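**Q** Hey, dropping upload_21.tsv in here, TSV, C-alpha atoms:
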chain	number	residue	atom	x	y	z
P	1	MET	CA	0.00	0.00	0.00
P	2	ARG	CA	1.45	3.31	-1.07
P	3	VAL	CA	0.72	6.58	0.64
P	4	ARG	CA	1.71	10.02	-0.53
P	5	VAL	CA	2.17	12.62	2.17
P	6	PHE	CA	2.25	16.28	1.16
P	7	VAL	CA	3.79	18.71	3.61
P	8	SER	CA	3.71	22.45	2.98
P	9	LEU	CA	4.12	25.69	4.88
P	10	LYS	CA	0.87	26.96	6.35
P	11	PRO	CA	-0.84	29.83	4.58
P	12	GLY	CA	0.52	33.07	5.96
P	13	VAL	CA	3.95	31.62	6.73
P	14	LEU	CA	6.50	33.31	4.48
P	15	ASP	CA	7.96	30.93	1.90
P	16	PRO	CA	11.19	32.49	0.61
P	17	GLN	CA	11.84	29.55	-1.71
P	18	GLY	CA	8.42	29.96	-3.28
P	19	LYS	CA	9.08	33.68	-3.68
P	20	ALA	CA	12.42	33.04	-5.42
P	21	ILE	CA	10.81	30.54	-7.82
P	22	HIS	CA	7.94	32.94	-8.50
P	23	HIS	CA	10.40	35.69	-9.34
P	24	SER	CA	12.31	33.35	-11.64
P	25	LEU	CA	9.11	32.29	-13.42
P	26	GLU	CA	8.25	35.95	-14.01
P	27	THR	CA	11.70	36.51	-15.48
P	28	LEU	CA	10.94	33.69	-17.90
P	29	GLY	CA	7.72	35.40	-18.93
P	30	PHE	CA	5.24	33.28	-16.99
P	31	ASN	CA	3.42	36.34	-15.73
P	32	GLU	CA	0.12	34.56	-15.15
P	33	VAL	CA	1.52	32.97	-11.96
P	34	ARG	CA	0.07	34.72	-8.91
P	35	ASP	CA	1.90	32.91	-6.13
P	36	VAL	CA	4.23	29.95	-5.62
P	37	ARG	CA	4.43	27.74	-2.55
P	38	VAL	CA	6.98	24.97	-2.21
P	39	GLY	CA	6.21	21.78	-0.34
P	40	ARG	CA	7.56	18.33	0.24
P	41	LEU	CA	6.28	15.03	-1.08
P	42	ILE	CA	6.98	11.95	1.03
P	43	THR	CA	6.03	8.56	-0.39
P	44	LEU	CA	5.46	5.74	2.05
P	45	ASP	CA	5.40	2.11	1.06
P	46	MET	CA	3.44	0.42	3.84
P	47	ALA	CA	2.45	-3.11	4.72
P	48	ASP	CA	-1.16	-3.75	3.75
P	49	ALA	CA	-3.55	-3.08	6.60
P	50	ASP	CA	-7.04	-1.98	7.39
P	51	ARG	CA	-7.54	1.40	5.75
P	52	ASP	CA	-8.85	3.24	8.82
P	53	GLN	CA	-6.05	1.89	10.96
P	54	ALA	CA	-3.44	2.79	8.37
P	55	GLU	CA	-4.86	6.28	8.11
P	56	ALA	CA	-4.64	6.78	11.84
P	57	ARG	CA	-1.03	5.59	11.75
P	58	VAL	CA	-0.11	7.97	8.93
P	59	LYS	CA	-1.71	10.86	10.78
P	60	ASP	CA	0.35	9.95	13.81
P	61	MET	CA	3.52	9.89	11.68
P	62	CYS	CA	2.72	13.35	10.35
P	63	GLU	CA	2.12	14.79	13.80
P	64	LYS	CA	5.19	13.18	15.35
P	65	LEU	CA	7.77	13.54	12.61
P	66	LEU	CA	6.84	14.25	9.00
P	67	ALA	CA	5.46	17.74	9.61
P	68	ASN	CA	6.18	20.46	12.13
P	69	THR	CA	2.66	21.64	12.80
P	70	VAL	CA	3.90	24.97	14.16
P	71	ILE	CA	4.70	26.03	10.60
P	72	GLU	CA	3.50	23.25	8.29
P	73	SER	CA	0.26	21.60	7.32
P	74	TYR	CA	-0.05	18.17	5.78
P	75	ARG	CA	-2.41	15.98	3.82
P	76	TYR	CA	-2.12	12.45	2.51
P	77	GLU	CA	-3.47	10.26	-0.25
P	78	PHE	CA	-3.75	6.50	-0.38
P	79	GLU	CA	-2.97	5.18	-3.85
D	1	MET	CA	29.28	21.90	38.46
D	2	ARG	CA	29.27	19.38	35.65
D	3	PHE	CA	28.18	20.28	32.14
D	4	GLY	CA	26.84	17.67	29.76
D	5	ILE	CA	27.25	18.36	26.06
D	6	LEU	CA	24.99	16.33	23.79
D	7	VAL	CA	26.59	14.91	20.67
D	8	PHE	CA	24.53	13.85	17.66
D	9	PRO	CA	25.87	12.57	14.36
D	10	GLY	CA	26.67	15.87	12.63
D	11	SER	CA	27.11	18.03	15.74
D	12	ASN	CA	30.13	20.24	15.14
D	13	CYS	CA	30.19	22.86	17.89
D	14	ASP	CA	30.43	20.31	20.69
D	15	ALA	CA	34.19	20.75	21.13
D	16	ASP	CA	33.85	24.55	21.15
D	17	CYS	CA	31.25	24.33	23.91
D	18	TYR	CA	33.39	21.85	25.84
D	19	HIS	CA	36.31	24.28	25.61
D	20	ALA	CA	34.17	27.25	26.65
D	21	VAL	CA	32.97	25.65	29.88
D	22	THR	CA	36.15	23.78	30.81
D	23	SER	CA	38.12	27.02	30.49
D	24	LEU	CA	35.83	28.37	33.20
D	25	GLY	CA	37.25	25.59	35.37
D	26	GLN	CA	34.16	23.40	35.14
D	27	PRO	CA	34.16	19.68	34.41
D	28	ALA	CA	32.26	18.63	31.31
D	29	ARG	CA	31.31	15.40	29.63
D	30	TYR	CA	30.23	14.60	26.08
D	31	ILE	CA	26.97	12.66	26.00
D	32	TRP	CA	26.34	10.55	22.91
D	33	HIS	CA	22.75	10.84	21.70
D	34	LYS	CA	22.13	7.12	22.24
D	35	GLU	CA	22.76	7.44	25.97
D	36	THR	CA	19.67	7.50	28.16
D	37	SER	CA	20.83	9.07	31.41
D	38	LEU	CA	21.93	12.53	32.53
D	39	LYS	CA	22.88	11.33	36.00
D	40	GLY	CA	25.52	13.53	37.61
D	41	ILE	CA	24.97	16.34	35.10
D	42	ASP	CA	23.99	19.80	36.38
D	43	ALA	CA	23.48	21.67	33.10
D	44	VAL	CA	23.10	20.54	29.49
D	45	ILE	CA	24.34	22.20	26.33
D	46	VAL	CA	22.77	21.14	23.02
D	47	PRO	CA	25.45	22.35	20.61
D	48	GLY	CA	25.32	23.58	17.05
D	49	GLY	CA	26.02	21.69	13.87
D	50	PHE	CA	23.99	19.76	11.37
D	51	SER	CA	22.56	16.86	13.34
D	52	PHE	CA	21.55	14.04	10.99
D	53	GLY	CA	22.49	16.23	8.03
D	54	ASP	CA	19.49	18.51	8.65
D	55	TYR	CA	17.43	15.84	6.84
D	56	LEU	CA	13.66	16.39	6.81
D	57	ARG	CA	13.91	19.58	8.96
D	58	CYS	CA	16.72	20.90	11.14
D	59	GLY	CA	16.50	19.04	14.43
D	60	ALA	CA	13.56	16.83	13.42
D	61	ILE	CA	15.50	13.56	13.51
D	62	ALA	CA	17.60	14.53	16.53
D	63	LYS	CA	14.52	15.04	18.65
D	64	GLN	CA	13.79	11.30	18.33
D	65	SER	CA	17.17	10.29	19.81
D	66	PRO	CA	17.10	8.25	23.04
D	67	ILE	CA	18.74	10.99	25.16
D	68	MET	CA	15.96	13.44	24.33
D	69	GLN	CA	13.36	11.84	26.61
D	70	GLU	CA	15.78	12.20	29.48
D	71	LEU	CA	16.52	15.80	28.43
D	72	VAL	CA	12.80	16.63	28.60
D	73	ARG	CA	12.65	15.18	32.13
D	74	PHE	CA	15.82	17.12	33.06
D	75	ALA	CA	14.31	20.38	31.77
D	76	ASP	CA	10.95	19.69	33.41
D	77	ALA	CA	12.82	19.33	36.72
D	78	GLY	CA	13.89	22.95	36.30
D	79	ARG	CA	17.54	22.31	35.48
D	80	PRO	CA	19.39	24.53	33.01
D	81	VAL	CA	19.46	23.61	29.33
D	82	ILE	CA	20.90	25.76	26.57
D	83	GLY	CA	20.50	25.02	22.88
D	84	ILE	CA	22.75	26.91	20.50
D	85	CYS	CA	22.04	27.18	16.76
D	86	ASN	CA	21.15	23.61	15.72
D	87	GLY	CA	20.64	23.01	19.44
D	88	PHE	CA	17.96	25.74	19.43
D	89	GLN	CA	16.32	24.06	16.43
D	90	ILE	CA	16.35	20.72	18.27
D	91	LEU	CA	14.77	22.24	21.40
D	92	THR	CA	11.91	23.79	19.40
D	93	GLU	CA	11.36	20.52	17.52
D	94	ALA	CA	11.27	18.71	20.85
D	95	GLY	CA	8.67	21.14	22.16
D	96	LEU	CA	10.91	22.46	24.96
D	97	LEU	CA	10.71	25.93	23.43
D	98	PRO	CA	7.87	27.55	21.48
D	99	GLY	CA	8.05	28.44	17.79
D	100	ALA	CA	10.13	27.07	14.93
D	101	LEU	CA	13.21	28.03	12.94
D	102	MET	CA	12.68	28.33	9.21
D	103	ALA	CA	14.99	28.98	6.28
D	104	ASN	CA	16.54	32.45	6.33
D	105	ARG	CA	14.52	34.99	4.41
D	106	SER	CA	17.47	35.48	2.04
D	107	LEU	CA	17.80	31.71	1.49
D	108	GLN	CA	21.53	32.29	2.09
D	109	PHE	CA	23.72	30.78	4.76
D	110	VAL	CA	24.55	33.76	6.99
D	111	CYS	CA	27.92	33.72	8.72
D	112	LYS	CA	28.95	36.93	10.47
D	113	ASP	CA	29.16	38.75	13.77
D	114	VAL	CA	25.89	40.39	14.81
D	115	ASN	CA	24.84	42.83	17.51
D	116	LEU	CA	22.39	41.58	20.07
D	117	ARG	CA	20.28	43.48	22.54
D	118	VAL	CA	19.86	41.75	25.87
D	119	ALA	CA	16.12	42.07	26.28
D	120	ASN	CA	15.66	40.30	29.61
D	121	THR	CA	18.24	39.65	32.31
D	122	ARG	CA	15.91	37.66	34.55
D	123	SER	CA	17.20	34.23	33.57
D	124	PRO	CA	20.26	32.26	34.67
D	125	PHE	CA	21.77	32.70	31.22
D	126	THR	CA	21.40	36.46	30.99
D	127	GLN	CA	21.61	37.56	34.62
D	128	LEU	CA	25.22	38.75	34.26
D	129	TYR	CA	24.33	41.15	31.43
D	130	ARG	CA	22.78	44.58	31.84
D	131	ASN	CA	19.24	45.07	30.62
D	132	GLY	CA	19.41	46.58	27.13
D	133	GLU	CA	23.14	45.93	26.82
D	134	VAL	CA	24.42	45.48	23.26
D	135	VAL	CA	26.73	42.49	22.82
D	136	ARG	CA	28.41	40.96	19.82
D	137	MET	CA	28.40	37.29	18.84
D	138	PRO	CA	28.68	35.36	15.59
D	139	VAL	CA	25.82	33.67	13.79
D	140	ALA	CA	26.36	30.87	11.26
D	141	HIS	CA	23.17	29.32	9.98
D	142	HIS	CA	20.84	28.72	7.08
D	143	ASP	CA	17.71	28.19	9.14
D	144	GLY	CA	17.57	30.85	11.84
D	145	ASN	CA	14.38	32.61	10.86
D	146	TYR	CA	12.36	32.41	14.06
D	147	PHE	CA	8.64	31.94	13.55
D	148	ALA	CA	5.75	31.74	15.99
D	149	ASP	CA	2.12	32.69	15.52
D	150	ASP	CA	0.99	36.15	16.68
D	151	GLU	CA	-0.56	34.88	19.88
D	152	THR	CA	2.64	33.06	20.87
D	153	LEU	CA	4.74	36.13	20.03
D	154	ARG	CA	2.55	38.32	22.22
D	155	GLU	CA	2.86	35.81	25.01
D	156	LEU	CA	6.65	35.59	24.65
D	157	ASP	CA	6.84	39.35	24.80
D	158	GLY	CA	4.48	39.65	27.75
D	159	GLU	CA	6.23	36.97	29.77
D	160	GLY	CA	9.70	38.36	29.08
D	161	GLN	CA	10.71	35.21	27.22
D	162	ILE	CA	12.50	37.08	24.43
D	163	VAL	CA	16.04	37.43	25.79
D	164	PHE	CA	18.20	38.32	22.76
D	165	GLN	CA	17.20	40.42	19.75
D	166	TYR	CA	19.20	41.37	16.66
D	167	CYS	CA	19.91	45.10	16.78
D	168	ASP	CA	22.18	47.82	15.43
D	169	THR	CA	25.27	49.07	17.27
D	170	GLU	CA	23.10	51.49	19.26
D	171	GLY	CA	20.75	48.76	20.44
D	172	HIS	CA	17.88	49.68	18.14
D	173	VAL	CA	15.94	46.64	17.01
D	174	THR	CA	15.67	47.42	13.29
D	175	GLU	CA	14.75	45.53	10.15
D	176	ASP	CA	18.25	46.20	8.73
D	177	ALA	CA	19.85	44.51	11.73
D	178	ASN	CA	17.79	41.35	11.22
D	179	PRO	CA	20.06	38.79	9.50
D	180	ASN	CA	17.46	36.13	8.78
D	181	GLY	CA	13.91	37.48	8.91
D	182	SER	CA	13.16	36.39	12.47
D	183	ALA	CA	9.86	37.60	13.92
D	184	ARG	CA	10.49	40.57	16.24
D	185	ASN	CA	14.23	40.16	15.52
D	186	ILE	CA	14.28	37.24	17.93
D	187	ALA	CA	17.74	35.72	18.39
D	188	GLY	CA	17.06	33.88	21.64
D	189	VAL	CA	14.08	32.81	23.75
D	190	ILE	CA	13.60	31.14	27.11
D	191	ASN	CA	10.77	28.91	28.28
D	192	ARG	CA	8.23	30.07	30.82
D	193	SER	CA	10.12	28.68	33.81
D	194	ARG	CA	13.31	30.33	32.48
D	195	ASN	CA	15.55	27.29	32.72
D	196	VAL	CA	15.68	26.52	29.00
D	197	LEU	CA	17.34	28.92	26.54
D	198	GLY	CA	17.56	28.61	22.77
D	199	MET	CA	19.65	31.02	20.74
D	200	MET	CA	20.94	31.16	17.17
D	201	PRO	CA	24.14	33.18	17.86
D	202	HIS	CA	27.15	31.30	19.22
D	203	PRO	CA	28.25	32.48	22.68
D	204	GLU	CA	30.93	29.76	22.77
D	205	ARG	CA	32.61	31.37	19.74
D	206	MET	CA	32.94	34.66	21.60
D	207	ALA	CA	34.14	33.38	24.94
D	208	GLU	CA	37.80	34.44	25.06
D	209	PRO	CA	39.90	37.31	23.69
D	210	LEU	CA	41.66	35.07	21.15
D	211	LEU	CA	38.28	34.51	19.47
D	212	GLY	CA	37.70	38.23	19.08
D	213	GLY	CA	35.76	38.95	22.24
D	214	VAL	CA	34.28	37.68	25.46
D	215	ASP	CA	30.66	38.82	25.14
D	216	GLY	CA	29.42	35.22	25.05
D	217	ARG	CA	31.18	34.05	28.19
D	218	ARG	CA	28.62	35.46	30.62
D	219	VAL	CA	25.96	33.11	29.23
D	220	PHE	CA	27.93	30.18	30.69
D	221	GLU	CA	29.06	32.06	33.80
D	222	GLY	CA	25.42	32.91	34.45
D	223	ILE	CA	24.50	29.22	34.47
D	224	LEU	CA	27.25	28.67	37.04
D	225	SER	CA	26.07	31.33	39.46
D	226	GLN	CA	22.54	29.94	39.19
D	227	VAL	CA	23.53	26.39	39.99
D	228	ARG	CA	25.89	27.43	42.79
D	229	VAL	CA	23.04	29.23	44.56
Would you mind writing the file's structure down as structure tokens?
**A**
Amino acid sequence: MRVRVFVSLKPGVLDPQGKAIHHSLETLGFNEVRDVRVGRLITLDMADADRDQAEARVKDMCEKLLANTVIESYRYEFE
Amino acid sequence: MRFGILVFPGSNCDADCYHAVTSLGQPARYIWHKETSLKGIDAVIVPGGFSFGDYLRCGAIAKQSPIMQELVRFADAGRPVIGICNGFQILTEAGLLPGALMANRSLQFVCKDVNLRVANTRSPFTQLYRNGEVVRMPVAHHDGNYFADDETLRELDGEGQIVFQYCDTEGHVTEDANPNGSARNIAGVINRSRNVLGMMPHPERMAEPLLGGVDGRRVFEGILSQVRV
């Protein structure tokens, strides 16, 4: 069972990397871009298990390690 | 009084900290992160460096090390803990200090001497400074941009938990003097019970004349006078 965890800075938290990429895109002429936020994709390959249980475990992983909830939010998708 | 200096894979300021406290005539011991006891230790230094290669987030992997549970107990018992640079990042990740340290606003590694305003002297670490004194210490980091939500910042301010702020030579806390984008120019904070300090600047690198100054030494001397009491 594969799970994709997306971690990104919370809205309102300054993302200097996103800003730098946005600026670079503008330089290339992609002026339609309004904002850029950079995040992290973590792919987990997990032993098959009950979906609800697995979801609870992934949430626990996010809270304990994968995200720092002071500055980051997370979401996950089961493939 | 015996200092314990935590060592993680990738710590690189541990020897500097060891030197800083042993030159004050104090015994010190390195404590490998896989150890589980702080028995016989009176104060702990979490030194700078790049623990676990800064993988995932600075300090995120280090906070899972076996010694950290014991460090939380040690801090909860009111004993002095100081985290410097990566040590500060580890203490916020571990929940011993509020807030988080993000990438510098400039996205550059910043390595230079900075001026700091001592914003609160009512802590063991800052008691030997004068309130509002301007001191000089080096910073060397890529992720020193202190962030906390507005409510937490107000609380830190109200409780006197902001102890060092980046400032100009006159002690004015200005945007120009902010090397990394930190909220309220925060360079160092203490916890509510004032026994845990986290700071991005390196007091151990400014602890004897040969290093260019002694402004950092009083941080360690302050811990001594506290524990002696």
**Q** For the interface of chain D with chain P (cut-off 12 Å, counting only C-alpha atoms), please tabulate each contacting residue of chain D alongside its nearest pair of atoms and their separation in Å to one decimal, rows sorted by chain and increasing number, as a Markdown table.
**A**
| residue | atom | partner | partner_atom | distance |
| --- | --- | --- | --- | --- |
| D:Tyr55 | CA | P:Leu66 | CA | 10.9 |
| D:Leu56 | CA | P:Leu66 | CA | 7.5 |
| D:Arg57 | CA | P:Asn68 | CA | 8.4 |
| D:Cys58 | CA | P:Asn68 | CA | 10.6 |
| D:Gly59 | CA | P:Leu65 | CA | 10.5 |
| D:Ala60 | CA | P:Leu65 | CA | 6.7 |
| D:Ile61 | CA | P:Leu65 | CA | 7.8 |
| D:Ala62 | CA | P:Leu65 | CA | 10.6 |
| D:Lys63 | CA | P:Leu65 | CA | 9.2 |
| D:Gln64 | CA | P:Leu65 | CA | 8.6 |
| D:Gln89 | CA | P:Asn68 | CA | 11.6 |
| D:Ile90 | CA | P:Asn68 | CA | 11.9 |
| D:Thr92 | CA | P:Val70 | CA | 9.6 |
| D:Glu93 | CA | P:Asn68 | CA | 7.5 |
| D:Ala94 | CA | P:Lys64 | CA | 9.9 |
| D:Gly95 | CA | P:Val70 | CA | 10.1 |
| D:Leu97 | CA | P:Val70 | CA | 11.5 |
| D:Pro98 | CA | P:Val70 | CA | 8.7 |
| D:Gly99 | CA | P:Val70 | CA | 6.5 |
| D:Ala100 | CA | P:Val70 | CA | 6.6 |
| D:Leu101 | CA | P:Ile71 | CA | 9.0 |
| D:Met102 | CA | P:Ile71 | CA | 8.4 |
| D:Ala103 | CA | P:Pro16 | CA | 7.7 |
| D:Asn104 | CA | P:Pro16 | CA | 7.8 |
| D:Arg105 | CA | P:Pro16 | CA | 5.6 |
| D:Ser106 | CA | P:Pro16 | CA | 7.1 |
| D:Leu107 | CA | P:Pro16 | CA | 6.7 |
| D:Gln108 | CA | P:Pro16 | CA | 10.4 |
| D:Asp143 | CA | P:Pro16 | CA | 11.6 |
| D:Asn145 | CA | P:Leu14 | CA | 10.2 |
| D:Tyr146 | CA | P:Ile71 | CA | 10.6 |
| D:Phe147 | CA | P:Ile71 | CA | 7.7 |
| D:Ala148 | CA | P:Val70 | CA | 7.3 |
| D:Asp149 | CA | P:Val70 | CA | 8.0 |
| D:Asp150 | CA | P:Gly12 | CA | 11.2 |
| D:Thr152 | CA | P:Val70 | CA | 10.6 |
| D:Asn180 | CA | P:Pro16 | CA | 10.9 |
| D:Gly181 | CA | P:Leu14 | CA | 9.6 |
| D:Ser182 | CA | P:Leu14 | CA | 10.8 |
| D:Ala183 | CA | P:Leu14 | CA | 10.9 |
**Q** I'd like the contact shell of Phe74 (chain D) - 10 Å cut-off, all atoms listed in the file, skipping same-chain residues fewer than 2 positions apart - returned as an MDAnalysis selection string.
**A** chainID D and resid 37:39 41:44 68:72 76:81
**Q** Just give me the gap between CA of Ile67 (chain D) and CA of Ser51 (chain D) in Å, one decimal is fine.
**A**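 Calculated distance between CA of Ile67 (chain D) and CA of Ser51 (chain D) is 13.7 Å.
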**Q** Near Arg75 (chain P), counting all atoms listed in the file, which residues have an atom at most 8 Å away, once you skip same-chain residues fewer than 6 positions from it, shown as an MDAnalysis selection string?
**A** chainID P and resid 5:7
**Q** Between CA of Glu159 (chain D) and CA of Ala75 (chain D), what distance in Å does the model show, to one decimal?
**A**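 Result for CA of Glu159 (chain D) versus CA of Ala75 (chain D): 18.6 Å, one decimal.
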**Q** Can you tell me which residues surround Val189 (chain D) at a distance of at most 10 Å, considering all atoms listed in the file, apart from same-chain residues fewer than 5 positions away, and format the answer as an NGL selection string?
**A** :D and (88 or 97-99 or 119-120 or 146 or 156-157 or 160-165 or 194 or 196-200)
**Q** Please report the interatomic distance between CA of Ser11 (chain D) and CA of Ile190 (chain D) in Å with one decimal.
**A** 22.0 Å
**Q** Quick one: everything within 6 Å of region 204-220 of chain D, counting only C-alpha atoms, minus sequence neighbours fewer than 6 positions away in the same chain. Send it as a PyMOL selection string.
**A** chain D and resi 17+20+125-126+128+135+137
**Q** Which is closest to Ser8 (chain P) among P:Arg51, P:Met46, P:Arg57, P:Arg37, if we use all atoms listed in the file?
**A** P:Arg37
**Q** For a quick check of understanding, using all atoms listed in the file, which of D:Ala140, D:Cys85, D:Leu96, D:Leu24 has the smallest distance to Phe3 (chain D)?
**A** D:Leu24
